[in-house]
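Dumped my_file_30.txt below, it's compact mmCIF, N, CA and C atoms:
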```
# COMPACT_ATOMS: atom_id res chain seq x y z
N MET A 1 0.81 -1.20 0.00
CA MET A 1 0.00 0.00 0.00
C MET A 1 0.86 1.27 0.00
N ALA A 2 1.98 1.23 0.71
CA ALA A 2 2.87 2.39 0.78
C ALA A 2 3.46 2.71 -0.58
N TRP A 3 3.75 1.67 -1.39
CA TRP A 3 4.33 1.94 -2.71
C TRP A 3 3.32 2.60 -3.64
N ILE A 4 2.03 2.39 -3.44
CA ILE A 4 0.99 3.05 -4.24
C ILE A 4 0.96 4.54 -3.91
N ILE A 5 1.02 4.86 -2.62
CA ILE A 5 1.04 6.26 -2.19
C ILE A 5 2.30 6.95 -2.70
N ALA A 6 3.44 6.26 -2.60
CA ALA A 6 4.70 6.83 -3.10
C ALA A 6 4.62 7.06 -4.61
N GLY A 7 4.01 6.13 -5.34
CA GLY A 7 3.84 6.29 -6.78
C GLY A 7 2.96 7.47 -7.13
N ILE A 8 1.87 7.65 -6.39
CA ILE A 8 0.97 8.78 -6.63
C ILE A 8 1.68 10.11 -6.36
N VAL A 9 2.43 10.16 -5.26
CA VAL A 9 3.20 11.36 -4.93
C VAL A 9 4.22 11.65 -6.02
N PHE A 10 4.92 10.61 -6.47
CA PHE A 10 5.93 10.77 -7.51
C PHE A 10 5.29 11.28 -8.81
N LEU A 11 4.19 10.69 -9.23
CA LEU A 11 3.50 11.12 -10.45
C LEU A 11 2.99 12.56 -10.32
N SER A 12 2.49 12.90 -9.14
CA SER A 12 2.02 14.27 -8.91
C SER A 12 3.16 15.26 -9.06
N LEU A 13 4.31 14.93 -8.52
CA LEU A 13 5.49 15.78 -8.64
C LEU A 13 5.91 15.94 -10.09
N ILE A 14 5.90 14.86 -10.85
CA ILE A 14 6.26 14.92 -12.27
C ILE A 14 5.28 15.81 -13.03
N ILE A 15 3.99 15.68 -12.73
CA ILE A 15 2.98 16.51 -13.41
C ILE A 15 3.20 17.99 -13.09
N VAL A 16 3.46 18.31 -11.84
CA VAL A 16 3.71 19.71 -11.46
C VAL A 16 4.95 20.24 -12.19
N LEU A 17 6.00 19.46 -12.26
CA LEU A 17 7.21 19.89 -12.96
C LEU A 17 6.96 20.09 -14.45
N LEU A 18 6.18 19.20 -15.06
CA LEU A 18 5.85 19.35 -16.48
C LEU A 18 5.03 20.61 -16.74
N ILE A 19 4.06 20.87 -15.87
CA ILE A 19 3.26 22.08 -16.02
C ILE A 19 4.15 23.32 -15.90
N PHE A 20 5.04 23.33 -14.94
CA PHE A 20 5.97 24.44 -14.76
C PHE A 20 6.84 24.61 -15.99
N ALA A 21 7.38 23.52 -16.53
CA ALA A 21 8.25 23.58 -17.70
C ALA A 21 7.50 24.10 -18.92
N ILE A 22 6.27 23.64 -19.12
CA ILE A 22 5.46 24.08 -20.27
C ILE A 22 5.12 25.56 -20.13
N ARG A 23 4.77 25.97 -18.94
CA ARG A 23 4.38 27.36 -18.72
C ARG A 23 5.52 28.33 -19.02
N PHE A 24 6.73 27.96 -18.67
CA PHE A 24 7.88 28.85 -18.85
C PHE A 24 8.77 28.44 -20.00
N LYS A 25 8.28 27.60 -20.90
CA LYS A 25 9.06 27.17 -22.05
C LYS A 25 9.44 28.38 -22.89
N GLY A 26 10.70 28.49 -23.27
CA GLY A 26 11.15 29.59 -24.08
C GLY A 26 11.35 30.87 -23.30
N GLY A 27 11.03 30.87 -22.03
CA GLY A 27 11.15 32.08 -21.24
C GLY A 27 12.30 32.02 -20.26
N SER A 28 13.34 31.34 -20.65
CA SER A 28 14.47 31.21 -19.75
C SER A 28 15.18 32.54 -19.55
N ASN A 29 14.96 33.45 -20.46
CA ASN A 29 15.61 34.73 -20.32
C ASN A 29 14.64 35.73 -19.71
N LYS A 30 15.17 36.55 -18.85
CA LYS A 30 14.38 37.48 -18.05
C LYS A 30 13.56 38.44 -18.92
N GLY A 31 14.14 38.87 -20.04
CA GLY A 31 13.44 39.79 -20.94
C GLY A 31 12.21 39.17 -21.57
N GLU A 32 12.32 37.91 -21.98
CA GLU A 32 11.17 37.22 -22.58
C GLU A 32 10.04 37.07 -21.58
N ILE A 33 10.40 36.79 -20.34
CA ILE A 33 9.38 36.65 -19.30
C ILE A 33 8.66 37.99 -19.10
N GLY A 34 9.42 39.08 -19.04
CA GLY A 34 8.82 40.41 -18.89
C GLY A 34 7.91 40.76 -20.05
N GLU A 35 8.35 40.46 -21.28
CA GLU A 35 7.53 40.74 -22.46
C GLU A 35 6.23 39.94 -22.43
N ARG A 36 6.31 38.68 -22.01
CA ARG A 36 5.13 37.84 -21.94
C ARG A 36 4.13 38.37 -20.90
N LEU A 37 4.65 38.82 -19.75
CA LEU A 37 3.78 39.36 -18.70
C LEU A 37 3.09 40.65 -19.15
N VAL A 38 3.84 41.52 -19.83
CA VAL A 38 3.25 42.78 -20.32
C VAL A 38 2.21 42.49 -21.40
N ALA A 39 2.51 41.55 -22.30
CA ALA A 39 1.54 41.18 -23.35
C ALA A 39 0.25 40.67 -22.73
N LYS A 40 0.38 39.88 -21.69
CA LYS A 40 -0.80 39.33 -21.02
C LYS A 40 -1.64 40.46 -20.40
N GLU A 41 -0.97 41.41 -19.74
CA GLU A 41 -1.68 42.54 -19.11
C GLU A 41 -2.34 43.43 -20.17
N LEU A 42 -1.62 43.72 -21.26
CA LEU A 42 -2.19 44.54 -22.32
C LEU A 42 -3.41 43.87 -22.93
N ASN A 43 -3.34 42.57 -23.09
CA ASN A 43 -4.47 41.82 -23.64
C ASN A 43 -5.69 41.89 -22.71
N CYS A 44 -5.44 41.93 -21.41
CA CYS A 44 -6.54 42.01 -20.43
C CYS A 44 -7.20 43.39 -20.42
N ILE A 45 -6.44 44.45 -20.62
CA ILE A 45 -7.00 45.80 -20.49
C ILE A 45 -7.47 46.40 -21.80
N ARG A 46 -7.11 45.79 -22.92
CA ARG A 46 -7.50 46.39 -24.20
C ARG A 46 -9.00 46.24 -24.45
N LYS A 47 -9.54 47.17 -25.20
CA LYS A 47 -10.95 47.15 -25.58
C LYS A 47 -11.12 46.21 -26.77
N ALA A 48 -12.37 45.86 -27.06
CA ALA A 48 -12.67 44.90 -28.12
C ALA A 48 -12.18 45.37 -29.49
N ASP A 49 -12.24 46.68 -29.76
CA ASP A 49 -11.83 47.18 -31.07
C ASP A 49 -10.37 47.64 -31.12
N ASP A 50 -9.62 47.48 -30.03
CA ASP A 50 -8.19 47.78 -30.03
C ASP A 50 -7.44 46.67 -30.75
N ILE A 51 -6.33 47.03 -31.36
CA ILE A 51 -5.47 46.05 -32.02
C ILE A 51 -4.17 45.97 -31.23
N LEU A 52 -3.80 44.76 -30.83
CA LEU A 52 -2.57 44.54 -30.09
C LEU A 52 -1.68 43.60 -30.89
N ILE A 53 -0.47 44.06 -31.17
CA ILE A 53 0.52 43.25 -31.89
C ILE A 53 1.72 43.09 -30.97
N ASN A 54 2.13 41.86 -30.72
CA ASN A 54 3.28 41.59 -29.86
C ASN A 54 4.44 41.04 -30.70
N ASN A 55 5.65 41.44 -30.33
CA ASN A 55 6.88 40.95 -30.95
C ASN A 55 6.86 41.13 -32.46
N TYR A 56 6.65 42.35 -32.91
CA TYR A 56 6.61 42.67 -34.33
C TYR A 56 8.03 42.94 -34.83
N VAL A 57 8.39 42.35 -35.95
CA VAL A 57 9.70 42.58 -36.56
C VAL A 57 9.48 43.21 -37.93
N PHE A 58 10.00 44.42 -38.11
CA PHE A 58 9.92 45.12 -39.38
C PHE A 58 11.23 44.90 -40.11
N GLN A 59 11.16 44.33 -41.30
CA GLN A 59 12.35 44.08 -42.11
C GLN A 59 12.53 45.23 -43.09
N GLY A 60 13.54 46.06 -42.88
CA GLY A 60 13.85 47.13 -43.82
C GLY A 60 14.89 46.66 -44.81
N GLU A 61 15.27 47.53 -45.73
CA GLU A 61 16.28 47.16 -46.72
C GLU A 61 17.66 47.02 -46.08
N GLN A 62 17.97 47.91 -45.15
CA GLN A 62 19.29 47.93 -44.53
C GLN A 62 19.36 47.13 -43.23
N ARG A 63 18.25 47.11 -42.48
CA ARG A 63 18.25 46.45 -41.17
C ARG A 63 16.83 46.15 -40.74
N SER A 64 16.72 45.42 -39.65
CA SER A 64 15.40 45.10 -39.11
C SER A 64 15.24 45.76 -37.74
N VAL A 65 13.98 45.96 -37.36
CA VAL A 65 13.66 46.56 -36.07
C VAL A 65 12.62 45.67 -35.40
N GLN A 66 12.87 45.32 -34.13
CA GLN A 66 11.94 44.50 -33.36
C GLN A 66 11.22 45.41 -32.38
N ILE A 67 9.89 45.29 -32.35
CA ILE A 67 9.06 46.08 -31.44
C ILE A 67 8.33 45.12 -30.52
N ASP A 68 8.44 45.33 -29.21
CA ASP A 68 7.83 44.41 -28.24
C ASP A 68 6.31 44.40 -28.35
N HIS A 69 5.69 45.59 -28.33
CA HIS A 69 4.22 45.67 -28.35
C HIS A 69 3.79 46.90 -29.12
N ILE A 70 2.75 46.75 -29.93
CA ILE A 70 2.11 47.88 -30.61
C ILE A 70 0.63 47.80 -30.26
N LEU A 71 0.12 48.87 -29.68
CA LEU A 71 -1.31 48.94 -29.35
C LEU A 71 -1.91 50.06 -30.19
N ILE A 72 -2.92 49.72 -30.99
CA ILE A 72 -3.58 50.69 -31.86
C ILE A 72 -5.03 50.80 -31.43
N ASN A 73 -5.45 52.06 -31.14
CA ASN A 73 -6.85 52.28 -30.79
C ASN A 73 -7.27 53.66 -31.28
N CYS A 74 -8.45 54.10 -30.92
CA CYS A 74 -8.96 55.37 -31.41
C CYS A 74 -8.17 56.57 -30.89
N PHE A 75 -7.34 56.38 -29.88
CA PHE A 75 -6.54 57.47 -29.31
C PHE A 75 -5.16 57.58 -29.94
N GLY A 76 -4.72 56.55 -30.68
CA GLY A 76 -3.42 56.62 -31.32
C GLY A 76 -2.74 55.27 -31.43
N VAL A 77 -1.46 55.35 -31.78
CA VAL A 77 -0.62 54.17 -31.90
C VAL A 77 0.41 54.24 -30.79
N TYR A 78 0.47 53.19 -29.97
CA TYR A 78 1.40 53.14 -28.85
C TYR A 78 2.46 52.09 -29.13
N VAL A 79 3.71 52.51 -29.12
CA VAL A 79 4.84 51.60 -29.28
C VAL A 79 5.42 51.39 -27.90
N ILE A 80 5.42 50.13 -27.43
CA ILE A 80 5.82 49.84 -26.05
C ILE A 80 7.04 48.94 -26.06
N GLU A 81 8.10 49.39 -25.43
CA GLU A 81 9.32 48.60 -25.25
C GLU A 81 9.32 48.10 -23.82
N THR A 82 9.45 46.80 -23.64
CA THR A 82 9.41 46.19 -22.32
C THR A 82 10.82 45.96 -21.80
N LYS A 83 11.05 46.32 -20.55
CA LYS A 83 12.31 46.02 -19.87
C LYS A 83 11.96 45.37 -18.54
N ASN A 84 12.60 44.28 -18.26
CA ASN A 84 12.38 43.55 -17.01
C ASN A 84 13.60 43.77 -16.12
N TYR A 85 13.77 45.00 -15.67
CA TYR A 85 14.94 45.39 -14.88
C TYR A 85 14.53 45.71 -13.46
N SER A 86 15.50 45.70 -12.59
CA SER A 86 15.28 46.15 -11.23
C SER A 86 16.34 47.20 -10.91
N GLY A 87 16.20 47.86 -9.80
CA GLY A 87 17.15 48.91 -9.43
C GLY A 87 16.55 50.27 -9.76
N ILE A 88 17.35 51.30 -9.62
CA ILE A 88 16.91 52.67 -9.90
C ILE A 88 17.43 53.04 -11.29
N ILE A 89 16.55 53.60 -12.12
CA ILE A 89 16.92 53.95 -13.48
C ILE A 89 16.74 55.45 -13.66
N TYR A 90 17.81 56.11 -14.16
CA TYR A 90 17.79 57.55 -14.40
C TYR A 90 17.94 57.82 -15.89
N GLY A 91 17.21 58.79 -16.38
CA GLY A 91 17.33 59.20 -17.77
C GLY A 91 16.24 60.20 -18.12
N LYS A 92 16.51 61.02 -19.11
CA LYS A 92 15.52 61.97 -19.59
C LYS A 92 15.41 61.83 -21.10
N GLU A 93 14.32 62.38 -21.63
CA GLU A 93 14.03 62.23 -23.05
C GLU A 93 15.17 62.72 -23.94
N ASN A 94 15.87 63.79 -23.53
CA ASN A 94 16.91 64.35 -24.38
C ASN A 94 18.30 63.79 -24.08
N TYR A 95 18.44 62.81 -23.19
CA TYR A 95 19.72 62.17 -22.90
C TYR A 95 20.00 61.10 -23.96
N ASP A 96 21.27 60.86 -24.23
CA ASP A 96 21.65 59.81 -25.18
C ASP A 96 21.57 58.42 -24.54
N GLU A 97 21.70 58.36 -23.23
CA GLU A 97 21.66 57.07 -22.55
C GLU A 97 21.05 57.24 -21.17
N TRP A 98 20.62 56.14 -20.56
CA TRP A 98 20.12 56.15 -19.21
C TRP A 98 21.03 55.31 -18.33
N THR A 99 20.97 55.56 -17.04
CA THR A 99 21.84 54.88 -16.09
C THR A 99 20.99 54.04 -15.15
N GLN A 100 21.38 52.81 -14.99
CA GLN A 100 20.71 51.89 -14.08
C GLN A 100 21.64 51.66 -12.89
N VAL A 101 21.16 51.93 -11.69
CA VAL A 101 21.95 51.76 -10.48
C VAL A 101 21.54 50.45 -9.82
N LEU A 102 22.51 49.53 -9.75
CA LEU A 102 22.27 48.22 -9.15
C LEU A 102 23.12 48.06 -7.90
N SER A 103 22.94 46.98 -7.19
CA SER A 103 23.71 46.77 -5.96
C SER A 103 25.21 46.67 -6.23
N TYR A 104 25.60 46.22 -7.42
CA TYR A 104 27.02 46.05 -7.72
C TYR A 104 27.62 47.22 -8.51
N GLY A 105 26.83 48.23 -8.83
CA GLY A 105 27.36 49.39 -9.55
C GLY A 105 26.37 49.98 -10.53
N LYS A 106 26.88 50.83 -11.43
CA LYS A 106 26.04 51.51 -12.41
C LYS A 106 26.24 50.91 -13.79
N VAL A 107 25.15 50.87 -14.57
CA VAL A 107 25.20 50.37 -15.94
C VAL A 107 24.56 51.43 -16.82
N LYS A 108 25.24 51.79 -17.93
CA LYS A 108 24.69 52.77 -18.87
C LYS A 108 24.20 52.04 -20.11
N ASN A 109 23.01 52.47 -20.61
CA ASN A 109 22.40 51.88 -21.79
C ASN A 109 21.82 52.97 -22.67
N VAL A 110 21.61 52.65 -23.95
CA VAL A 110 20.97 53.59 -24.87
C VAL A 110 19.57 53.88 -24.38
N LEU A 111 19.18 55.13 -24.40
CA LEU A 111 17.86 55.52 -23.92
C LEU A 111 16.79 55.00 -24.88
N GLU A 112 15.89 54.20 -24.36
CA GLU A 112 14.87 53.55 -25.17
C GLU A 112 13.89 54.52 -25.80
N ILE A 113 13.73 55.70 -25.22
CA ILE A 113 12.81 56.67 -25.80
C ILE A 113 13.25 57.05 -27.21
N ARG A 114 14.56 57.23 -27.40
CA ARG A 114 15.07 57.56 -28.74
C ARG A 114 14.85 56.40 -29.70
N LEU A 115 15.10 55.18 -29.23
CA LEU A 115 14.88 54.02 -30.08
C LEU A 115 13.41 53.87 -30.44
N ASN A 116 12.52 54.15 -29.48
CA ASN A 116 11.09 54.04 -29.76
C ASN A 116 10.62 55.10 -30.75
N LYS A 117 11.22 56.27 -30.73
CA LYS A 117 10.89 57.29 -31.74
C LYS A 117 11.24 56.76 -33.12
N MET A 118 12.41 56.12 -33.25
CA MET A 118 12.81 55.54 -34.51
C MET A 118 11.86 54.41 -34.91
N ARG A 119 11.47 53.57 -33.95
CA ARG A 119 10.55 52.48 -34.22
C ARG A 119 9.20 53.02 -34.69
N GLY A 120 8.76 54.12 -34.10
CA GLY A 120 7.51 54.74 -34.52
C GLY A 120 7.56 55.22 -35.95
N ILE A 121 8.70 55.72 -36.38
CA ILE A 121 8.87 56.14 -37.78
C ILE A 121 8.72 54.94 -38.70
N PHE A 122 9.27 53.80 -38.33
CA PHE A 122 9.15 52.60 -39.16
C PHE A 122 7.70 52.16 -39.29
N ILE A 123 6.90 52.34 -38.25
CA ILE A 123 5.50 51.92 -38.27
C ILE A 123 4.70 52.74 -39.27
N ILE A 124 4.95 54.05 -39.28
CA ILE A 124 4.19 54.95 -40.14
C ILE A 124 4.51 54.63 -41.58
```
Serialized structure, structure tokens:
Amino acid sequence: MAWIIAGIVFLSLIIVLLIFAIRFKGGSNKGEIGERLVAKELNCIRKADDILINNYVFQGEQRSVQIDHILINCFGVYVIETKNYSGIIYGKENYDEWTQVLSYGKVKNVLEIRLNKMRGIFII
């Protein structure tokens, strides 16, 4: 009788692990997980006549541009870049880069607002 209970417990554990693996398949990277969470939230809040496009890649002649989310509704076109970061982030619209302050130091990155302006031009 004990081996039946042990078997049921073992199978239950395998099922839980499989569900976990399927749910997070392809999301081993922190950015993909963040993009998936934002896509899910945008899908929940959008209206019936809104258009939501996730992970759009525009192929130009010289290069390609990847856009995390595009939301189109009667108020306009929203280009959304998702970042799954922690820490304090500093930057302004007219800066060339923003600074992320983490426990181990500072990291500088290209300011996404400028990139999103360029992405918006590609959409039009």
May I have the centre and edge lengths, in Å to one decimal, of an axis-aligned box around the listed atoms of segment 59-76 of chain A with 8 Å added to every side, as AutoDock Vina command-line options?
```
--center_x 5.2 --center_y 50.8 --center_z -37.5 --size_x 44.3 --size_y 29.5 --size_z 34.5
```
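Rounded to one decimal, atom CA of Gly87 of chain A and atom CA of Ala39 of chain A lie 22.3 Å from each other.
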Which value, in Å to one decimal, gives the distance between atom CA of Lys47 of chain A and atom CA of Ile33 of chain A? 23.7 Å
Just give me the residues with any atom within 5 Å of (4.1, 43.1, -24.7), file coordinates, counting all atoms listed in the file, written as a ChimeraX atom specification. /A:35,38-39,68-69
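Straight-line separation from atom C of Glu81 of chain A to atom N of Asn55 of chain A: 10.0 Å.
Residues in contact range of Tyr78 of chain A, defined as at most 8 Å between only N, CA and C atoms, with sequence neighbours fewer than 6 positions away removed, read His69, Ile70, Leu71, Ile72 and Gly120 of chain A.
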Expected file contents, prior selection, N, CA and C atoms, as a short mmCIF file (atom, residue, chain, number, x, y, z; two decimals), in the coordinates of the input:
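File produced: out29.cif:
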```cif
data_model
loop_
_atom_site.label_atom_id
_atom_site.label_comp_id
_atom_site.auth_asym_id
_atom_site.auth_seq_id
_atom_site.Cartn_x
_atom_site.Cartn_y
_atom_site.Cartn_z
N HIS A 69 5.69 45.59 -28.33
CA HIS A 69 4.22 45.67 -28.35
C HIS A 69 3.79 46.90 -29.12
N ILE A 70 2.75 46.75 -29.93
CA ILE A 70 2.11 47.88 -30.61
C ILE A 70 0.63 47.80 -30.26
N LEU A 71 0.12 48.87 -29.68
CA LEU A 71 -1.31 48.94 -29.35
C LEU A 71 -1.91 50.06 -30.19
N ILE A 72 -2.92 49.72 -30.99
CA ILE A 72 -3.58 50.69 -31.86
C ILE A 72 -5.03 50.80 -31.43
N GLY A 120 8.76 54.12 -34.10
CA GLY A 120 7.51 54.74 -34.52
C GLY A 120 7.56 55.22 -35.95
#
```
Rank A:Lys30, A:Ile8, A:Ala2, A:Gln66 by their smallest atom-to-atom distance to Tyr85 of chain A, using only N, CA and C atoms, and report the top residue only. A:Lys30
Could you please write out, as an NGL selection string, every residue of segment 36-81 of chain A that DSSP assigns to strand (DSSP E)? :A and (51-59 or 64-73 or 76-80)
Preceding selection exported with N, CA and C atoms as a PDB file, in the coordinates of the input:
```
ATOM      1  N   ILE A  51      -6.330  47.030 -31.360  1.00  0.00           N
ATOM      2  CA  ILE A  51      -5.470  46.050 -32.020  1.00  0.00           C
ATOM      3  C   ILE A  51      -4.170  45.970 -31.230  1.00  0.00           C
ATOM      4  N   LEU A  52      -3.800  44.760 -30.830  1.00  0.00           N
ATOM      5  CA  LEU A  52      -2.570  44.540 -30.090  1.00  0.00           C
ATOM      6  C   LEU A  52      -1.680  43.600 -30.890  1.00  0.00           C
ATOM      7  N   ILE A  53      -0.470  44.060 -31.170  1.00  0.00           N
ATOM      8  CA  ILE A  53       0.520  43.250 -31.890  1.00  0.00           C
ATOM      9  C   ILE A  53       1.720  43.090 -30.970  1.00  0.00           C
ATOM     10  N   ASN A  54       2.130  41.860 -30.720  1.00  0.00           N
ATOM     11  CA  ASN A  54       3.280  41.590 -29.860  1.00  0.00           C
ATOM     12  C   ASN A  54       4.440  41.040 -30.700  1.00  0.00           C
ATOM     13  N   ASN A  55       5.650  41.440 -30.330  1.00  0.00           N
ATOM     14  CA  ASN A  55       6.880  40.950 -30.950  1.00  0.00           C
ATOM     15  C   ASN A  55       6.860  41.130 -32.460  1.00  0.00           C
ATOM     16  N   TYR A  56       6.650  42.350 -32.910  1.00  0.00           N
ATOM     17  CA  TYR A  56       6.610  42.670 -34.330  1.00  0.00           C
ATOM     18  C   TYR A  56       8.030  42.940 -34.830  1.00  0.00           C
ATOM     19  N   VAL A  57       8.390  42.350 -35.950  1.00  0.00           N
ATOM     20  CA  VAL A  57       9.700  42.580 -36.560  1.00  0.00           C
ATOM     21  C   VAL A  57       9.480  43.210 -37.930  1.00  0.00           C
ATOM     22  N   PHE A  58      10.000  44.420 -38.110  1.00  0.00           N
ATOM     23  CA  PHE A  58       9.920  45.120 -39.380  1.00  0.00           C
ATOM     24  C   PHE A  58      11.230  44.900 -40.110  1.00  0.00           C
ATOM     25  N   GLN A  59      11.160  44.330 -41.300  1.00  0.00           N
ATOM     26  CA  GLN A  59      12.350  44.080 -42.110  1.00  0.00           C
ATOM     27  C   GLN A  59      12.530  45.230 -43.090  1.00  0.00           C
ATOM     28  N   SER A  64      16.720  45.420 -39.650  1.00  0.00           N
ATOM     29  CA  SER A  64      15.400  45.100 -39.110  1.00  0.00           C
ATOM     30  C   SER A  64      15.240  45.760 -37.740  1.00  0.00           C
ATOM     31  N   VAL A  65      13.980  45.960 -37.360  1.00  0.00           N
ATOM     32  CA  VAL A  65      13.660  46.560 -36.070  1.00  0.00           C
ATOM     33  C   VAL A  65      12.620  45.670 -35.400  1.00  0.00           C
ATOM     34  N   GLN A  66      12.870  45.320 -34.130  1.00  0.00           N
ATOM     35  CA  GLN A  66      11.940  44.500 -33.360  1.00  0.00           C
ATOM     36  C   GLN A  66      11.220  45.410 -32.380  1.00  0.00           C
ATOM     37  N   ILE A  67       9.890  45.290 -32.350  1.00  0.00           N
ATOM     38  CA  ILE A  67       9.060  46.080 -31.440  1.00  0.00           C
ATOM     39  C   ILE A  67       8.330  45.120 -30.520  1.00  0.00           C
ATOM     40  N   ASP A  68       8.440  45.330 -29.210  1.00  0.00           N
ATOM     41  CA  ASP A  68       7.830  44.410 -28.240  1.00  0.00           C
ATOM     42  C   ASP A  68       6.310  44.400 -28.350  1.00  0.00           C
ATOM     43  N   HIS A  69       5.690  45.590 -28.330  1.00  0.00           N
ATOM     44  CA  HIS A  69       4.220  45.670 -28.350  1.00  0.00           C
ATOM     45  C   HIS A  69       3.790  46.900 -29.120  1.00  0.00           C
ATOM     46  N   ILE A  70       2.750  46.750 -29.930  1.00  0.00           N
ATOM     47  CA  ILE A  70       2.110  47.880 -30.610  1.00  0.00           C
ATOM     48  C   ILE A  70       0.630  47.800 -30.260  1.00  0.00           C
ATOM     49  N   LEU A  71       0.120  48.870 -29.680  1.00  0.00           N
ATOM     50  CA  LEU A  71      -1.310  48.940 -29.350  1.00  0.00           C
ATOM     51  C   LEU A  71      -1.910  50.060 -30.190  1.00  0.00           C
ATOM     52  N   ILE A  72      -2.920  49.720 -30.990  1.00  0.00           N
ATOM     53  CA  ILE A  72      -3.580  50.690 -31.860  1.00  0.00           C
ATOM     54  C   ILE A  72      -5.030  50.800 -31.430  1.00  0.00           C
ATOM     55  N   ASN A  73      -5.450  52.060 -31.140  1.00  0.00           N
ATOM     56  CA  ASN A  73      -6.850  52.280 -30.790  1.00  0.00           C
ATOM     57  C   ASN A  73      -7.270  53.660 -31.280  1.00  0.00           C
ATOM     58  N   GLY A  76      -4.720  56.550 -30.680  1.00  0.00           N
ATOM     59  CA  GLY A  76      -3.420  56.620 -31.320  1.00  0.00           C
ATOM     60  C   GLY A  76      -2.740  55.270 -31.430  1.00  0.00           C
ATOM     61  N   VAL A  77      -1.460  55.350 -31.780  1.00  0.00           N
ATOM     62  CA  VAL A  77      -0.620  54.170 -31.900  1.00  0.00           C
ATOM     63  C   VAL A  77       0.410  54.240 -30.790  1.00  0.00           C
ATOM     64  N   TYR A  78       0.470  53.190 -29.970  1.00  0.00           N
ATOM     65  CA  TYR A  78       1.400  53.140 -28.850  1.00  0.00           C
ATOM     66  C   TYR A  78       2.460  52.090 -29.130  1.00  0.00           C
ATOM     67  N   VAL A  79       3.710  52.510 -29.120  1.00  0.00           N
ATOM     68  CA  VAL A  79       4.840  51.600 -29.280  1.00  0.00           C
ATOM     69  C   VAL A  79       5.420  51.390 -27.900  1.00  0.00           C
ATOM     70  N   ILE A  80       5.420  50.130 -27.430  1.00  0.00           N
ATOM     71  CA  ILE A  80       5.820  49.840 -26.050  1.00  0.00           C
ATOM     72  C   ILE A  80       7.040  48.940 -26.060  1.00  0.00           C
TER      73      ILE A  80
END
```
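Taking all atoms listed in the file into account, the residues near (-1.9, 42.8, -24.8), no farther than 8 Å, are Leu37, Val38, Ala39, Lys40, Glu41, Leu42, Asn43, Cys44, Ile45, Arg46, Ile51, Leu52, Ile53, Asn54, His69, Ile70 and Leu71 of chain A.
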List as number ranges by chain the protein and nucleic acid residues near Gly91 of chain A, meaning an atom at most 8 Å away when only N, CA and C atoms are counted, but skip any in the same chain fewer than 5 places from it. A: 96-100, 111
Of the residues A:Ser103, A:Gln62, A:Asn29, A:Asn109, which is the one nearest to Ser86 of chain A, using only C-alpha atoms?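 Nearest to Ser86 of chain A: A:Ser103.
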